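The structure appears right after this line, and notes come after that.
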Amino acid sequence: MKVVLRNPDREVDIAGDRLVREVLIDLAIDPDTVLVIRAGELLTRHDRVGDADKVEVRPVISGGAV
Amino acid sequence: MRCTRCGGRAVVELRRHNAAFCADCFQGVFRNQVARAIDEYEMFGPDDRILVAVSGGKDSLALWDVLLEGGYHAEGLYLGLGIGEYSDRSHDRTIAFAEQRGASLRTIDLASEQGFDIPLAGRKGARSSCAVCGLSKRYLFNRAALEGGYDVVATGHNLDDEAATLLGNTLRWNVEYIARQAPVLPAVEGLVRKVKPLHRLTELETAAYAFLRGIDYVVEECPLVAGNTQLRYKESMNAIEARSPGAKTQFFLGYLDRGMPIFRSAREEVTLSACARCGQPTPGTYCAFCRARAQILGEHLTPAPPAEDPRDVARELSEEVLPGEIYGVPAEAR
């Protein structure tokens, strides 16, 4: 599967057909710090992603105060 | 995973609440948390004119969206910081949001109005670019609110922002700074009331809300923010939260409930007078913004200001600026 990472934007190939939680562990990403998006829908840690999927992992942390 | 409320397919899991929600129920939960914050701290009423400080990011646009949906008189103010394409994209997103909703948006360009932008401030001033950015926002939002006759300025500070600030000040036991941290900063002569209606909601929640509402916000990070002190404290809080879901909430909301009343007694009352250059309230001869601006532009203030007392600077700055940023600690030491 393809994973789109942000800041900077890049794309990585990673094994699919498993839970989002497992993908995030592989990428060393804390699930509370990102949105996981597939085809315009949010996924939770417990959703399964397939080998043919393209998933965006979007960080939610903002550094600057408004 | 199923929605805790309706049993539908969950799209947002909130480990701090040991709950998960579908898109519709989550938006309801989000709006309820904002309404609770507004009511609990009597932030504003349905007839008040609210100036929303918008940056094009998820927090400020989510806040503006909730307020507009709630029927409030909420108008946006965007400050052009001059941070290259990042600022251009942020401005474009903000304009598009306002146009889609028929909302009123005003823009102030820092360089046109004050003669400097944030990259120049980072190169020329004694303070970090983040400190000057925060200072400029507070100063110009307040002035715009006064001139426009608004009742209140609303900002998109979320629970993560507030917890990180509290952590930073607690690590240093900056009692005076802690005493000033609150969801509402009341109006005083020359300073408009300032409120933070998102203080009960995490970054994950504001991002999820913005996404589910179809808000096209700027995802990229400010290019100047790398190494920012606040970011480091956020990462530390997230490390604790990962092992103990709810710790962040207990830390900050527990402070508001049980700590704030105690720290309030440590708050020093200061006498404010008009800045000799701009007229905004300050405990010194010149306000922090005018001193920073003069430093950046190489101007000399007449009469010359006395040596800067860091405690006076701290009093003028709002609580989210951490001491290291106020004092202009060199980047390599931060």
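Here, A, B, ... name the chains of the structure tokens in the order displayed, residue numbers run from 1 inside each chain, and ligands are numbered from 1 in the same displayed order.
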If the cut-off is 8 Å, can you tell me the residues of chain B near chain A, counting only C-alpha atoms? I'd like them as a PDB file with N, CA and C atoms, in the first residue's frame.
ATOM      1  N   MET B   1     -14.970  -0.678  14.458  1.00  0.00           N
ATOM      2  CA  MET B   1     -15.225   0.056  15.695  1.00  0.00           C
ATOM      3  C   MET B   1     -16.539   0.816  15.542  1.00  0.00           C
ATOM      4  N   ALA B  10     -17.635   4.071  13.483  1.00  0.00           N
ATOM      5  CA  ALA B  10     -16.856   5.144  14.107  1.00  0.00           C
ATOM      6  C   ALA B  10     -15.758   5.608  13.164  1.00  0.00           C
ATOM      7  N   VAL B  11     -15.534   6.943  13.138  1.00  0.00           N
ATOM      8  CA  VAL B  11     -14.429   7.482  12.334  1.00  0.00           C
ATOM      9  C   VAL B  11     -13.424   8.242  13.204  1.00  0.00           C
ATOM     10  N   VAL B  12     -13.797   8.529  14.439  1.00  0.00           N
ATOM     11  CA  VAL B  12     -12.881   9.214  15.356  1.00  0.00           C
ATOM     12  C   VAL B  12     -12.875   8.478  16.684  1.00  0.00           C
ATOM     13  N   GLU B  13     -11.683   8.078  17.106  1.00  0.00           N
ATOM     14  CA  GLU B  13     -11.555   7.419  18.415  1.00  0.00           C
ATOM     15  C   GLU B  13     -10.926   8.406  19.391  1.00  0.00           C
ATOM     16  N   ALA B  53      -9.535  35.511  15.363  1.00  0.00           N
ATOM     17  CA  ALA B  53      -8.173  35.579  14.820  1.00  0.00           C
ATOM     18  C   ALA B  53      -7.946  34.335  13.971  1.00  0.00           C
ATOM     19  N   VAL B  54      -7.890  34.508  12.651  1.00  0.00           N
ATOM     20  CA  VAL B  54      -7.793  33.341  11.766  1.00  0.00           C
ATOM     21  C   VAL B  54      -6.439  33.299  11.062  1.00  0.00           C
ATOM     22  N   SER B  55      -5.907  32.081  10.957  1.00  0.00           N
ATOM     23  CA  SER B  55      -4.577  31.910  10.365  1.00  0.00           C
ATOM     24  C   SER B  55      -4.612  31.061   9.096  1.00  0.00           C
ATOM     25  N   SER B  60      -8.190  27.707  14.019  1.00  0.00           N
ATOM     26  CA  SER B  60      -8.924  28.971  13.884  1.00  0.00           C
ATOM     27  C   SER B  60     -10.095  28.837  12.912  1.00  0.00           C
ATOM     28  N   CYS B 130       9.159  33.512  16.477  1.00  0.00           N
ATOM     29  CA  CYS B 130       7.894  33.075  17.088  1.00  0.00           C
ATOM     30  C   CYS B 130       7.409  34.088  18.122  1.00  0.00           C
ATOM     31  N   GLY B 134       3.899  36.161  17.770  1.00  0.00           N
ATOM     32  CA  GLY B 134       2.845  36.156  18.788  1.00  0.00           C
ATOM     33  C   GLY B 134       2.555  37.553  19.294  1.00  0.00           C
ATOM     34  N   LYS B 137       0.650  39.539  16.622  1.00  0.00           N
ATOM     35  CA  LYS B 137      -0.751  39.107  16.524  1.00  0.00           C
ATOM     36  C   LYS B 137      -1.566  39.708  17.656  1.00  0.00           C
ATOM     37  N   THR B 155      -9.653  33.286  19.918  1.00  0.00           N
ATOM     38  CA  THR B 155      -8.524  32.606  19.274  1.00  0.00           C
ATOM     39  C   THR B 155      -8.727  31.092  19.322  1.00  0.00           C
ATOM     40  N   GLY B 156      -7.999  30.386  18.456  1.00  0.00           N
ATOM     41  CA  GLY B 156      -8.198  28.939  18.302  1.00  0.00           C
ATOM     42  C   GLY B 156      -7.296  28.091  19.189  1.00  0.00           C
ATOM     43  N   HIS B 157      -6.809  28.634  20.289  1.00  0.00           N
ATOM     44  CA  HIS B 157      -5.956  27.826  21.179  1.00  0.00           C
ATOM     45  C   HIS B 157      -6.716  26.587  21.657  1.00  0.00           C
ATOM     46  N   ASP B 161      -2.318  23.181  23.066  1.00  0.00           N
ATOM     47  CA  ASP B 161      -1.600  24.455  23.216  1.00  0.00           C
ATOM     48  C   ASP B 161      -1.524  24.843  24.685  1.00  0.00           C
ATOM     49  N   GLU B 203      -5.908  18.802  19.690  1.00  0.00           N
ATOM     50  CA  GLU B 203      -5.564  19.054  18.286  1.00  0.00           C
ATOM     51  C   GLU B 203      -6.144  17.981  17.372  1.00  0.00           C
ATOM     52  N   LEU B 204      -6.131  16.758  17.852  1.00  0.00           N
ATOM     53  CA  LEU B 204      -6.697  15.670  17.059  1.00  0.00           C
ATOM     54  C   LEU B 204      -8.173  15.953  16.784  1.00  0.00           C
ATOM     55  N   ALA B 207      -8.621  18.932  14.342  1.00  0.00           N
ATOM     56  CA  ALA B 207      -8.269  18.497  12.980  1.00  0.00           C
ATOM     57  C   ALA B 207      -9.364  17.604  12.399  1.00  0.00           C
ATOM     58  N   ALA B 208      -9.877  16.688  13.223  1.00  0.00           N
ATOM     59  CA  ALA B 208     -10.936  15.792  12.745  1.00  0.00           C
ATOM     60  C   ALA B 208     -12.201  16.578  12.408  1.00  0.00           C
ATOM     61  N   VAL B 219      -2.309  22.442   5.918  1.00  0.00           N
ATOM     62  CA  VAL B 219      -1.765  21.314   6.676  1.00  0.00           C
ATOM     63  C   VAL B 219      -0.290  21.534   6.981  1.00  0.00           C
ATOM     64  N   GLU B 220       0.404  22.177   6.065  1.00  0.00           N
ATOM     65  CA  GLU B 220       1.847  22.331   6.246  1.00  0.00           C
ATOM     66  C   GLU B 220       2.145  23.189   7.470  1.00  0.00           C
ATOM     67  N   GLU B 221       3.295  22.946   8.054  1.00  0.00           N
ATOM     68  CA  GLU B 221       3.703  23.665   9.247  1.00  0.00           C
ATOM     69  C   GLU B 221       4.411  24.948   8.856  1.00  0.00           C
ATOM     70  N   CYS B 222       4.320  25.948   9.707  1.00  0.00           N
ATOM     71  CA  CYS B 222       5.062  27.188   9.473  1.00  0.00           C
ATOM     72  C   CYS B 222       6.553  26.845   9.358  1.00  0.00           C
ATOM     73  N   VAL B 225       8.870  27.450  12.455  1.00  0.00           N
ATOM     74  CA  VAL B 225       8.507  26.960  13.782  1.00  0.00           C
ATOM     75  C   VAL B 225       9.403  25.823  14.273  1.00  0.00           C
ATOM     76  N   ASN B 228      10.740  25.150  17.906  1.00  0.00           N
ATOM     77  CA  ASN B 228       9.959  25.990  18.807  1.00  0.00           C
ATOM     78  C   ASN B 228       9.788  25.300  20.163  1.00  0.00           C
ATOM     79  N   GLN B 230       7.447  25.487  22.346  1.00  0.00           N
ATOM     80  CA  GLN B 230       6.102  24.955  22.564  1.00  0.00           C
ATOM     81  C   GLN B 230       5.950  23.576  21.922  1.00  0.00           C
ATOM     82  N   LEU B 231       6.560  23.406  20.728  1.00  0.00           N
ATOM     83  CA  LEU B 231       6.479  22.106  20.054  1.00  0.00           C
ATOM     84  C   LEU B 231       7.115  21.013  20.901  1.00  0.00           C
ATOM     85  N   ASN B 238       2.535  14.575  24.681  1.00  0.00           N
ATOM     86  CA  ASN B 238       2.000  13.466  23.890  1.00  0.00           C
ATOM     87  C   ASN B 238       2.612  12.133  24.299  1.00  0.00           C
ATOM     88  N   ALA B 242       0.308   9.096  25.518  1.00  0.00           N
ATOM     89  CA  ALA B 242       0.296   7.803  24.826  1.00  0.00           C
ATOM     90  C   ALA B 242       0.236   6.649  25.835  1.00  0.00           C
ATOM     91  N   GLU B 320       0.721  32.451  26.371  1.00  0.00           N
ATOM     92  CA  GLU B 320       1.185  31.346  25.548  1.00  0.00           C
ATOM     93  C   GLU B 320       2.632  31.536  25.078  1.00  0.00           C
TER      94      GLU B 320
END
Taking the DSSP secondary structure from the backbone, can you list the residues of range 48-123 of chain B that are helix (DSSP H, G or I), as an MDAnalysis selection string?
chainID B and resid 58:69 84:101 110:114 118:123
Can you list, as a list in words, every residue of range 132-285 of chain B that DSSP puts in strand (DSSP E or B)?
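Filtering range 132-285 of chain B down to strand (DSSP E or B) leaves Val152, Val153, Ala154, Val184, Leu185, Val188, Leu191, Arg193, Lys194, Val195, Ser273, Ala274, Pro281 and Thr282 of chain B.
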Restricting the calculation to only C-alpha atoms: of B:Val132, B:Leu159, B:Val153, B:Val188, which residue gets closest to Ser273 in chain B?
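Among B:Val132, B:Leu159, B:Val153, B:Val188, it is B:Val188 that comes nearest to Ser273 in chain B.
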From the list A:Gly50, A:Val57, A:Met1, A:Asp26, which residue is nearest Ile14 in chain A when using only C-alpha atoms?
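Closest to Ile14 in chain A, using only C-alpha atoms: A:Met1.
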With a distance cut-off of 10 Å and only C-alpha atoms, select the neighbouring residues of Leu185 in chain B, excluding the residue or stretch itself and same-chain residues fewer than 4 positions from it, and output the selection as a list in words.
Met43, Val152, Val153, Arg180, Gln181, Leu191, Val192, Arg193, Lys194, Val195, Lys196, Ser318 and Glu319 of chain B
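The spacing separating CA of Glu113 in chain B from CA of Glu85 in chain B amounts to 19.5 Å.
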Among the residues B:Leu201, B:Leu253, B:Leu167, B:Ala294, the one that comes closest to Met237 in chain B [using only C-alpha atoms]:
B:Leu167
If you count only C-alpha atoms, which residues fall within 9 Å of Asn158 in chain B, apart from same-chain ones fewer than 5 positions away, as a list in words?
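Listed by chain and then number, they are Asp59, Ala163, Lys196, Pro197, Leu198, His199, Arg200, Leu201, Thr202, Glu203 and Thr206 of chain B.
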